[in-house]
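Enquirer: Below is one structure. I have some questions about it.
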Amino acid sequence: EVSKHKSAMALNLMKNRPQASHLIRKLSTNLLLDESPAEVFKKIVKDRRAVQRFKSDEIPRHLLNEIIESTLRTPSSFNLQPWTIILVSDPEVKAKVSKAMLDQNEPKVMSSPVLAVFLADLEPTKRLDRFLAKQKKFGATPQQLAKLSKLVSLFCGHGTVGNVLKRSALSLVSPLKPVPSLSSIEAWSYKHAALAAQTFMLAATSHGIGTAPMEGFD
């Protein structure tokens with residue numbers, strides 16, 4: 001069950017269909033030392049596609065760990081990383097998740113060996129203590145920590161009170177200097193979860209594993 005404080009999107013993670021899998025294996029063997037990082041990245045981006053035909057092969061745990069490790073490098077505002085990934089491989093759990101998907105996505109959920117569910121955190125200020133602890137470790141002064149705390153609370157505040165405070169603060173500052181436009185906490189967290197999902201898909205492609213992003217999660 002998805003928490004009421006989180007929204008979710010699902011992403012199929014599966015071995016590619018034979019033809020695409022062959023292309024990606026070829027990509028891996030052709031990454032020569034004289035190729036620039038830009039050329040390597042371009043190949044990965046061009047080989048990523050929404051796979052429709054899946055293999056049931058089990059994906060090794062070490063590959064999943066490497067994909068997650070790369071995903072954790074996804075940038076986010078204040079480095080709060082307001083998202084969570086849940087990897088689902090149990091058939092019974094996937095069956096329950098599939099019931100919340102659009103009809104055309106249900107077969108994808110059931111046939112893929114692993115389902116990655118991205119949860120957007122709608123209460124990101126609860127991550128503030130961890131963020132400030134890291135900043136303190138990196139040498140931030142008490143004054144800097146206090147300023148960061150106010151900024152995070154301003155831009156990541158949620159609920160009616162949080163939105164009122166954001167509107168008021170931005171209205172006062174806007175005539176003096178450029179300020180970001182106000183967006184809901186849902187929009188703020190959704191876009192960060194989407195960035196993480198994109199990194200996840202590219203990382204999977206680099207390991208010869210295909211993905212199929214899905215929306216329509218109820």
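Naming works like this for the structure tokens: A, B, ... for the chains as they're shown, residue 1 at the start of each chain, ligands 1 onward in shown order.
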Write out as a ChimeraX atom specification the residues lying within 7 Å of Lys94 of chain A, counting only C-alpha atoms and excluding same-chain residues fewer than 6 positions away.
Expert: /A:88,109-110
Enquirer: List the neighbours of Ser77 of chain A out to 9 Å using only C-alpha atoms; skip same-chain residues closer than 3 positions along the sequence, and give me the result as a VMD selection string.
Expert: chain A and resid 80 to 82 152 192
Enquirer: Hey, what does DSSP flag as strand (DSSP E or B) within segment 97-132 of chain A? Can you give it to me as a list in words?
Expert: Val114, Leu115, Ala116, Val117, Phe118, Leu119, Ala120 and Asp121 of chain A
Enquirer: From segment 40-166 of chain A, collect each residue whose DSSP state is helix (DSSP H, G or I) and return the set as number ranges by chain.
Expert: A: 40-47, 61-71, 77-79, 91-98, 103-111, 124-137, 142-156, 159-166
Enquirer: Find the distance between atom CA of Asp121 of chain A and atom CA of Ala95 of chain A and write it in Å to one decimal.
Expert: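 Atom CA of Ala95 of chain A lies 24.0 Å from atom CA of Asp121 of chain A.
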